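The data block below is data.txt; it holds compact mmCIF, C-alpha atoms.
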# COMPACT_ATOMS: atom_id res chain seq x y z
CA MET A 1 72.47 90.58 122.35
CA ALA A 2 72.42 89.01 118.92
CA GLU A 3 69.51 91.22 117.97
CA LEU A 4 71.34 94.27 119.17
CA ALA A 5 74.28 93.36 116.96
CA VAL A 6 72.02 93.08 113.92
CA GLU A 7 70.45 96.43 114.74
CA GLN A 8 73.86 98.03 114.86
CA ALA A 9 74.91 96.34 111.66
CA ARG A 10 72.25 98.22 109.82
CA ASN A 11 73.35 101.51 111.16
CA GLY A 12 76.19 103.07 109.27
CA GLU A 13 76.20 106.00 111.66
CA PHE A 14 77.00 103.77 114.58
CA TRP A 15 80.09 102.47 112.81
CA ALA A 16 81.12 105.96 111.71
CA GLU A 17 80.95 107.08 115.35
CA CYS A 18 83.10 104.13 116.37
CA VAL A 19 85.80 105.12 113.90
CA GLU A 20 85.60 108.74 114.99
CA ARG A 21 86.05 107.68 118.62
CA ILE A 22 89.11 105.69 117.57
CA ALA A 23 90.53 108.72 115.79
CA GLN A 24 89.89 111.09 118.68
CA GLU A 25 90.32 108.94 121.77
CA ARG A 26 92.08 105.77 120.57
CA ASP A 27 89.05 103.99 121.99
CA LYS A 28 89.75 100.26 122.06
CA HIS A 29 86.22 99.32 122.99
CA SER A 30 84.88 100.92 119.79
CA PHE A 31 87.58 99.19 117.83
CA MET A 32 86.73 95.76 119.20
CA GLN A 33 83.07 96.30 118.34
CA LEU A 34 84.12 97.04 114.77
CA PHE A 35 86.48 94.11 114.83
CA ASP A 36 83.92 91.62 116.05
CA TYR A 37 81.37 92.66 113.48
CA PHE A 38 83.52 93.24 110.40
CA SER A 39 86.49 90.87 110.66
CA PRO A 40 84.38 87.68 110.11
CA ARG A 41 82.87 89.31 107.02
CA VAL A 42 86.18 90.53 105.63
CA ASN A 43 87.49 87.02 106.32
CA ALA A 44 84.60 85.42 104.41
CA TYR A 45 85.19 87.81 101.51
CA LEU A 46 88.89 86.98 101.34
CA LEU A 47 88.23 83.23 101.48
CA GLY A 48 85.88 83.70 98.52
CA GLN A 49 88.67 85.42 96.58
CA GLY A 50 90.78 82.30 96.90
CA ALA A 51 92.90 83.11 99.94
CA ASP A 52 93.65 80.06 102.09
CA ALA A 53 92.52 80.12 105.71
CA ALA A 54 95.83 81.35 107.12
CA MET A 55 96.22 84.13 104.56
CA ALA A 56 92.59 85.24 104.90
CA GLU A 57 93.01 85.50 108.67
CA ASP A 58 96.24 87.43 108.23
CA LEU A 59 94.79 89.89 105.78
CA SER A 60 91.61 90.35 107.84
CA GLN A 61 93.73 91.32 110.81
CA GLU A 62 95.71 93.68 108.62
CA ALA A 63 92.57 95.30 107.21
CA LEU A 64 91.09 95.94 110.63
CA LEU A 65 94.39 97.22 111.99
CA ALA A 66 94.49 99.66 109.08
CA LEU A 67 91.22 101.02 110.41
CA TRP A 68 92.84 101.51 113.82
CA ASN A 69 95.94 103.16 112.39
CA LYS A 70 94.28 105.30 109.76
CA ALA A 71 91.09 106.22 111.59
CA HIS A 72 92.10 109.88 111.43
CA LEU A 73 91.84 109.73 107.63
CA TYR A 74 88.26 108.53 107.75
CA SER A 75 85.51 110.97 106.90
CA ARG A 76 81.88 109.91 107.10
CA GLU A 77 80.97 112.36 104.35
CA LYS A 78 83.27 110.48 101.98
CA ALA A 79 82.31 106.88 102.56
CA ALA A 80 80.59 104.39 104.85
CA VAL A 81 82.93 102.47 107.15
CA SER A 82 82.00 99.26 105.34
CA THR A 83 82.94 100.79 101.97
CA TRP A 84 86.24 101.96 103.36
CA LEU A 85 86.97 98.47 104.70
CA PHE A 86 85.89 96.82 101.45
CA ARG A 87 88.39 98.98 99.60
CA VAL A 88 91.18 98.14 102.02
CA ALA A 89 90.36 94.42 101.89
CA ARG A 90 90.16 94.45 98.08
CA ASN A 91 93.50 96.23 97.81
CA LEU A 92 95.05 93.78 100.26
CA TRP A 93 94.00 90.67 98.35
CA ILE A 94 95.02 92.24 95.06
CA ASP A 95 98.36 93.01 96.63
CA ARG A 96 98.77 89.42 97.81
CA LEU A 97 96.95 87.27 95.26
CA ARG A 98 96.71 89.35 92.08
CA LYS A 99 99.79 91.50 92.35
CA GLN A 100 99.61 92.62 88.72
CA ARG A 101 96.38 94.51 89.38
CA GLY A 102 98.06 96.60 92.03
CA ILE A 103 99.30 98.98 89.34
CA ALA A 104 95.72 100.16 88.73
CA TYR A 105 94.70 101.40 92.19
CA GLU A 106 95.68 104.43 94.20
CA SER A 107 96.89 103.84 97.74
CA ASP A 108 94.20 103.64 100.42
CA GLU A 109 95.07 107.10 101.69
CA ASN A 110 94.41 108.59 98.30
CA LEU A 111 91.28 106.57 97.74
CA ALA A 112 89.76 107.78 100.96
CA GLU A 113 90.00 111.25 99.51
CA THR A 114 89.13 110.69 95.89
CA VAL A 115 85.54 109.65 96.29
CA ASP A 116 82.51 111.88 96.19
CA ASP A 117 79.92 111.88 98.87
CA GLU A 118 76.76 111.65 96.80
CA ALA A 119 77.57 108.10 95.82
CA ARG A 120 75.86 106.19 98.58
CA LEU A 121 73.92 103.05 98.14
CA ASN A 122 70.99 103.01 100.52
CA ALA A 123 70.95 99.26 100.86
CA ASP A 124 70.90 97.21 103.98
CA GLY A 125 71.79 93.55 104.12
CA GLU A 126 68.27 92.16 104.10
CA ARG A 127 67.05 94.33 101.26
CA LEU A 128 70.13 93.62 99.23
CA LYS A 129 69.69 89.87 99.67
CA ALA A 130 66.06 90.18 98.64
CA VAL A 131 67.00 92.06 95.48
CA LEU A 132 69.75 89.59 94.64
CA ASP A 133 67.15 86.85 94.91
CA THR A 134 64.97 88.56 92.31
CA LEU A 135 67.76 88.72 89.72
CA PRO A 136 67.67 86.19 86.89
CA GLN A 137 70.27 83.52 87.49
CA SER A 138 72.65 84.76 84.80
CA GLN A 139 72.70 88.27 86.30
CA ALA A 140 73.18 87.06 89.86
CA GLN A 141 75.97 84.81 88.63
CA VAL A 142 77.96 87.59 86.95
CA VAL A 143 77.59 89.82 90.02
CA TYR A 144 78.79 87.01 92.30
CA LYS A 145 81.68 86.04 90.08
CA SER A 146 82.80 89.67 89.74
CA TYR A 147 82.61 90.59 93.41
CA TYR A 148 83.22 87.36 95.25
CA GLU A 149 85.68 85.70 92.91
CA GLY A 150 87.33 88.68 91.22
CA LYS A 151 86.71 87.22 87.77
CA SER A 152 86.99 89.36 84.63
CA HIS A 153 84.28 89.49 81.95
CA SER A 154 86.32 87.19 79.71
CA GLU A 155 86.98 84.74 82.52
CA ILE A 156 83.27 84.61 83.34
CA ALA A 157 82.48 84.07 79.66
CA ALA A 158 84.99 81.21 79.44
CA GLU A 159 83.71 79.59 82.62
CA THR A 160 80.01 79.83 81.98
CA GLY A 161 79.96 79.50 78.20
CA MET A 162 78.08 82.80 77.95
CA PRO A 163 79.22 85.03 75.06
CA LEU A 164 81.35 87.96 76.27
CA GLY A 165 78.66 90.41 75.17
CA SER A 166 76.06 88.63 77.30
CA VAL A 167 78.31 88.76 80.36
CA LYS A 168 78.57 92.50 79.92
CA SER A 169 74.90 93.08 79.27
CA SER A 170 73.95 90.89 82.25
CA LEU A 171 76.09 93.03 84.51
CA ARG A 172 74.57 96.16 83.00
CA LEU A 173 71.06 94.88 83.65
CA ALA A 174 71.94 93.97 87.24
CA ILE A 175 73.29 97.49 87.79
CA LYS A 176 70.00 98.85 86.51
CA VAL A 177 68.05 96.73 88.99
CA PHE A 178 70.25 97.82 91.91
CA ARG A 179 69.70 101.40 90.90
CA GLN A 180 65.96 101.01 90.78
CA HIS A 181 65.93 99.63 94.30
CA PHE A 182 68.60 101.63 96.02
CA GLY A 183 68.51 104.95 94.24
CA GLU A 184 70.87 106.48 91.75
CA GLY A 185 73.86 106.45 94.06
CA GLY A 186 75.91 106.92 90.93
CA LEU A 187 76.04 103.17 90.26
CA MET B 1 90.40 121.95 77.95
CA SER B 2 87.52 120.02 76.59
CA ARG B 3 85.13 118.11 78.82
CA ILE B 4 85.41 114.35 79.03
CA GLU B 5 82.72 112.90 76.80
CA HIS B 6 83.54 109.23 76.48
CA HIS B 7 83.69 106.99 79.56
CA PRO B 8 84.26 103.32 80.35
CA ASN B 9 81.01 101.33 80.32
CA GLU B 10 79.14 100.83 83.57
CA GLU B 11 80.02 97.15 83.76
CA THR B 12 83.70 97.99 83.27
CA LEU B 13 83.60 100.42 86.20
CA LEU B 14 81.75 97.89 88.35
CA SER B 15 84.38 95.23 87.66
CA TYR B 16 87.11 97.73 88.46
CA ALA B 17 85.42 98.46 91.78
CA ALA B 18 85.20 94.72 92.44
CA GLY B 19 88.92 94.27 91.71
CA ALA B 20 87.90 91.99 88.85
CA LEU B 21 89.42 93.69 85.81
CA PRO B 22 92.66 92.23 84.40
CA ALA B 23 95.62 94.51 85.14
CA GLY B 24 95.91 95.81 81.56
CA LEU B 25 92.32 97.06 81.50
CA ALA B 26 92.30 98.15 85.14
CA LEU B 27 95.30 100.43 84.64
CA VAL B 28 93.45 102.32 81.91
CA VAL B 29 90.41 102.80 84.17
CA GLY B 30 92.61 103.85 87.10
CA CYS B 31 94.29 106.54 84.96
CA HIS B 32 90.94 107.79 83.65
CA LEU B 33 89.66 108.20 87.23
CA GLN B 34 92.35 110.77 87.89
CA TYR B 35 90.56 113.04 85.43
CA CYS B 36 86.92 112.02 85.71
CA PRO B 37 84.72 112.92 88.68
CA GLU B 38 81.68 111.16 87.15
CA CYS B 39 83.41 107.81 86.94
CA ARG B 40 84.77 108.19 90.45
CA VAL B 41 81.19 108.41 91.64
CA SER B 42 80.31 105.23 89.74
CA VAL B 43 83.33 103.35 91.09
CA ASN B 44 82.51 104.52 94.59
CA ALA B 45 78.97 103.24 94.21
CA GLY B 46 80.38 99.94 92.96
CA GLU B 47 82.56 99.78 96.05
CA ALA B 48 79.59 100.56 98.27
CA LEU B 49 77.75 97.68 96.62
CA GLY B 50 80.80 95.47 97.17
CA ALA B 51 80.80 96.47 100.84
CA ASP B 52 77.12 95.61 101.19
CA LEU B 53 77.69 92.28 99.47
CA MET B 54 80.63 91.60 101.78
CA VAL B 55 78.52 92.35 104.83
CA THR B 56 75.80 89.95 103.69
CA LEU B 57 78.28 87.04 103.46
CA ALA B 58 77.98 84.30 106.07
CA PRO B 59 80.51 85.46 108.70
CA LYS B 60 83.59 83.31 109.29
CA ALA B 61 85.06 84.28 112.64
CA LEU B 62 88.80 84.63 113.11
CA SER B 63 90.48 82.44 115.70
CA ALA B 64 90.63 83.62 119.31
CA ARG B 65 94.38 83.80 118.87
CA ALA B 66 94.05 86.22 115.97
CA ARG B 67 91.70 88.42 117.97
CA ALA B 68 94.08 88.49 120.94
CA SER B 69 97.01 89.27 118.69
CA VAL B 70 95.19 92.24 117.13
CA LEU B 71 94.27 93.55 120.56
CA GLU B 72 97.91 93.33 121.54
CA GLN B 73 99.03 95.27 118.50
CA LEU B 74 96.79 98.22 119.22
CA ASP B 75 99.26 99.57 121.75
CA ASN B 76 102.28 98.97 119.54
CA ASN B 77 100.86 100.91 116.69
CA ILE B 78 99.47 103.82 118.58
CA SER B 79 99.99 107.08 116.77
CA GLU B 80 102.59 105.61 114.44
CA GLY B 81 100.14 105.79 111.57
CA MET B 82 99.04 109.24 112.63
CA ILE B 83 102.52 110.66 112.46
CA ALA B 84 103.55 108.78 109.36
CA CYS B 85 100.70 110.22 107.33
CA PRO B 86 101.56 113.73 106.25
CA VAL B 87 98.87 116.06 105.04
CA ALA B 88 100.41 115.94 101.60
CA VAL B 89 99.38 112.33 101.23
CA GLN B 90 95.80 113.20 101.96
CA GLN B 91 95.72 116.08 99.57
CA GLN B 92 97.37 114.32 96.71
CA GLY B 93 94.73 112.98 94.41
CA CYS B 94 92.02 114.91 96.18
CA GLU B 95 90.42 116.66 93.26
CA PRO B 96 90.15 115.41 89.70
CA ASP B 97 92.79 116.94 87.48
CA ALA B 98 92.32 118.38 84.05
CA PRO B 99 94.02 116.10 81.51
CA ASN B 100 97.43 117.57 80.85
CA PRO B 101 99.11 116.70 77.55
CA GLU B 102 102.56 117.01 79.13
CA ALA B 103 101.98 115.03 82.32
CA ILE B 104 101.93 111.27 82.65
CA PRO B 105 98.95 110.08 84.74
CA ARG B 106 99.88 109.31 88.34
CA LEU B 107 99.41 105.53 88.17
CA LEU B 108 101.24 105.28 84.87
CA HIS B 109 104.02 107.42 86.23
CA ARG B 110 104.37 105.08 89.21
CA PHE B 111 104.62 102.20 86.73
CA LEU B 112 106.97 103.81 84.19
CA GLN B 113 109.09 105.98 86.48
CA GLN B 114 109.37 108.49 83.64
CA ASP B 115 108.42 112.14 83.63
CA SER B 116 107.76 112.84 80.00
CA PHE B 117 106.10 111.05 77.11
CA ASP B 118 108.73 112.32 74.74
CA ALA B 119 111.58 110.83 76.77
CA LEU B 120 110.09 107.33 76.52
CA PRO B 121 111.77 104.70 74.31
CA TRP B 122 109.15 104.66 71.52
CA LYS B 123 109.54 101.71 69.15
CA LYS B 124 108.54 101.79 65.51
CA THR B 125 106.00 99.26 64.31
CA ILE B 126 105.42 97.94 60.82
CA ALA B 127 102.31 100.10 60.61
CA PRO B 128 103.34 103.47 59.15
CA GLY B 129 103.00 106.31 61.61
CA LEU B 130 102.45 104.07 64.62
CA LYS B 131 104.95 103.83 67.46
CA GLN B 132 104.42 101.97 70.64
CA ILE B 133 105.78 100.91 73.99
CA VAL B 134 104.62 97.59 75.31
CA LEU B 135 104.23 97.67 79.08
CA ASN B 136 104.74 94.39 80.80
CA CYS B 137 101.88 94.31 83.27
CA GLY B 138 101.70 90.55 83.70
CA GLU B 139 97.98 90.21 82.99
CA GLY B 140 96.39 91.14 79.70
CA ASP B 141 98.18 93.51 77.38
CA VAL B 142 98.75 97.19 77.87
CA ARG B 143 100.71 99.52 75.67
CA LEU B 144 101.28 103.15 74.92
CA LEU B 145 100.49 104.01 71.32
CA ARG B 146 101.68 107.05 69.48
CA ILE B 147 99.86 107.70 66.24
CA ALA B 148 101.51 110.32 64.03
CA ALA B 149 99.42 113.41 63.35
CA GLY B 150 96.85 112.79 60.61
CA LYS B 151 97.61 109.07 60.30
CA ARG B 152 94.89 106.50 59.69
CA MET B 153 95.10 103.15 61.50
CA PRO B 154 94.19 99.86 59.80
CA VAL B 155 90.57 98.77 60.29
CA HIS B 156 90.43 96.38 63.22
CA SER B 157 88.14 94.78 65.74
CA HIS B 158 88.99 92.98 68.97
CA HIS B 159 88.73 89.43 70.24
CA GLY B 160 88.05 90.48 73.80
CA SER B 161 87.75 93.84 75.50
CA GLU B 162 89.84 96.89 74.74
CA LEU B 163 90.00 100.13 76.69
CA THR B 164 91.80 103.11 75.23
CA LEU B 165 92.47 106.32 77.16
CA ILE B 166 93.58 109.35 75.17
CA LEU B 167 96.46 111.10 76.89
CA ARG B 168 97.51 113.67 74.31
CA GLY B 169 95.98 114.86 71.05
CA GLY B 170 92.91 113.12 69.77
CA TYR B 171 91.44 110.87 67.12
CA SER B 172 88.19 110.32 65.29
CA ASP B 173 86.49 107.13 64.20
CA ASN B 174 82.97 105.92 63.46
CA LEU B 175 82.17 106.21 67.19
CA GLY B 176 83.01 109.89 67.44
CA LYS B 177 85.74 112.29 68.39
CA PHE B 178 88.04 111.29 71.25
CA ASN B 179 90.10 113.86 73.14
CA ALA B 180 92.50 113.78 76.09
CA GLY B 181 90.79 112.13 79.06
CA ASP B 182 88.26 110.23 76.93
CA VAL B 183 88.03 106.45 77.03
CA ALA B 184 86.90 104.16 74.22
CA ASP B 185 85.44 100.97 75.73
CA LEU B 186 85.27 98.42 72.92
CA ASP B 187 84.64 94.76 72.42
CA ALA B 188 84.47 92.29 69.56
CA SER B 189 81.27 93.79 68.18
CA VAL B 190 83.06 97.02 67.27
CA GLU B 191 85.20 97.50 64.21
CA HIS B 192 86.90 100.84 63.88
CA GLN B 193 89.55 102.82 62.09
CA PRO B 194 90.88 105.68 64.18
CA VAL B 195 92.36 108.71 62.41
CA ALA B 196 94.65 110.91 64.50
CA ASP B 197 94.03 114.66 64.58
CA SER B 198 96.09 116.47 62.00
CA ASP B 199 97.71 119.00 64.33
CA GLU B 200 99.62 116.72 66.70
CA ASP B 201 100.52 113.11 67.48
CA CYS B 202 97.91 111.20 69.40
CA ILE B 203 99.21 109.34 72.44
CA CYS B 204 96.96 106.80 74.09
CA LEU B 205 97.10 104.05 76.64
CA ALA B 206 95.46 100.91 75.33
CA GLY B 207 94.66 97.95 77.55
CA MET B 208 93.43 94.63 76.15
CA ASP B 209 92.53 91.29 77.59
CA ALA B 210 93.02 89.55 74.22
CA PRO B 211 94.99 90.31 71.03
CA LEU B 212 93.53 92.52 68.31
CA ALA B 213 92.10 90.97 65.14
CA PHE B 214 92.99 92.99 62.07
CA ARG B 215 90.72 92.70 59.08
CA GLY B 216 91.87 92.31 55.53
CA TRP B 217 94.78 90.36 54.11
CA LEU B 218 97.29 93.17 54.41
CA ALA B 219 96.40 93.84 58.01
CA ARG B 220 96.47 90.13 58.75
CA LEU B 221 99.86 89.90 57.14
CA ILE B 222 101.33 92.69 59.21
CA GLN B 223 99.60 91.76 62.43
CA PRO B 224 102.23 89.32 63.69
CA LEU B 225 104.91 91.87 62.89
CA VAL B 226 103.19 94.72 64.67
CA GLY B 227 102.63 92.39 67.54
CA MET B 228 99.09 93.61 68.02

The structure given in the file should be rewritten as structure tokens.
Amino acid sequence: MAELAVEQARNGEFWAECVERIAQERDKHSFMQLFDYFSPRVNAYLLGQGADAAMAEDLSQEALLALWNKAHLYSREKAAVSTWLFRVARNLWIDRLRKQRGIAYESDENLAETVDDEARLNADGERLKAVLDTLPQSQAQVVYKSYYEGKSHSEIAAETGMPLGSVKSSLRLAIKVFRQHFGEGGL
Amino acid sequence: MSRIEHHPNEETLLSYAAGALPAGLALVVGCHLQYCPECRVSVNAGEALGADLMVTLAPKALSARARASVLEQLDNNISEGMIACPVAVQQQGCEPDAPNPEAIPRLLHRFLQQDSFDALPWKKTIAPGLKQIVLNCGEGDVRLLRIAAGKRMPVHSHHGSELTLILRGGYSDNLGKFNAGDVADLDASVEHQPVADSDEDCICLAGMDAPLAFRGWLARLIQPLVGM
């Protein structure tokens, strides 16, 4: 059972089919499969961004319910289900914890439509972890602090004592490594 | 319409995708994305990376109560979202727009609630030929700048990061020629002196995460007065 879950986790098509079944048939079983796989990960992400346990749980529920309510807007050509959820979760925590940044993002409906399909990272969890492990510590650190803590370049510089220019070049180098491993993907 | 030639740096787009840019800088990137298909692709790839990173996190399950409550809400919400989402919402923002010198970018329009640049309450600064509107975004500094046609700005560099999106007209500096839709992504290592095109005022949206540092005694003298 656990193995089956991991197998499915690697398969973006499986999740895309789940969302399509929700859109067409309001299929609760598909939704709960999505819920059980993604909500603990969205929750972990939100906790990392500084949400307390109650707020993280709240926002995770909200993010997954958005998937249920907006399934008809989903298009597998435009984005992976996980990318779509990441975007919703990011916008939710910005909305709750970093309200000021809300001015800079289109609504989720618009975002679902504004992306281009060629941008797809061909990473799976295991490979991505392996690549992260190969990054020099400074590069891994700036990637983590950007994605998991929502820290700006200047904030990372102040926290780590790295010069601002080094923070930026470390991120640039990390992007280059991701590209080498997972294809252009536009990154 | 000229093609967009200057873009935010890769690491700026990645941080935007991560939700990690301060509001002042993020707003400039968000407005640029309305016009730039290339950068949309980069941001999307950054979001795909964010999604993969999120999925690799050690899962933290929600409580059984939360799960039950979500299950309960599925029936309540049925079709509400489907009806409430008109086609117009989906189509809006679908394709990148050509930069339009008369139109305020969507995100900026949402923020300003104004339809025309010319109707905005431009304030004079001590720098000749430079007007501005400071936007209170709560994080970092973002302002609209209006440089009179043909005017030369004082030489300056920056303490932190600065992103400038050209909205109307254009300017030239040692980095090149910047036209509507272009973004200059600068940091402390860059010192520049923009000169506005001679045929029309140059309007840009400039986001900063730290105050500018003017060079030279005159510039330093006027800096507190300009408020830059």

Who sits within 7 Å of stretch 14-22 of chain B, all atoms listed in the file, same chain under 5 positions skipped, as number ranges by chain
A: 90, 101, 146-147, 150-152; B: 43, 46-47, 50, 139-140, 209

Let me make sure I understand: among B:Leu49, B:Leu25, B:Leu175, B:Glu11, which one has the smallest atom-to-atom distance to A:Trp84 if we use only C-alpha atoms?
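Distance minimum relative to A:Trp84 lands on B:Leu49.
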
Please list as a ChimeraX atom specification every residue within 12 Å of A:Val167, counting only C-alpha atoms and excluding residues in the same chain fewer than 6 positions away.
/A:137-143,145-146,151-161,173-174 /B:11-12,15,160-161,187

Can you work out the spacing between atom CA of A:Ser39 and atom CA of A:Ser82 in Å, to one decimal?
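Going from atom CA of A:Ser39 over to atom CA of A:Ser82, I get 10.9 Å.
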
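Neighbouring residues of B:Ile203 at 6 Å or closer, counting only C-alpha atoms and skipping chain neighbours under 6 positions away, are Leu145, Arg146, Leu167 and Arg168 of chain B.
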
Measuring between all atoms listed in the file, which one of B:Leu144, B:Ala149, B:Leu74, B:Ala180 shows the shortest distance to B:Leu108?
B:Leu144
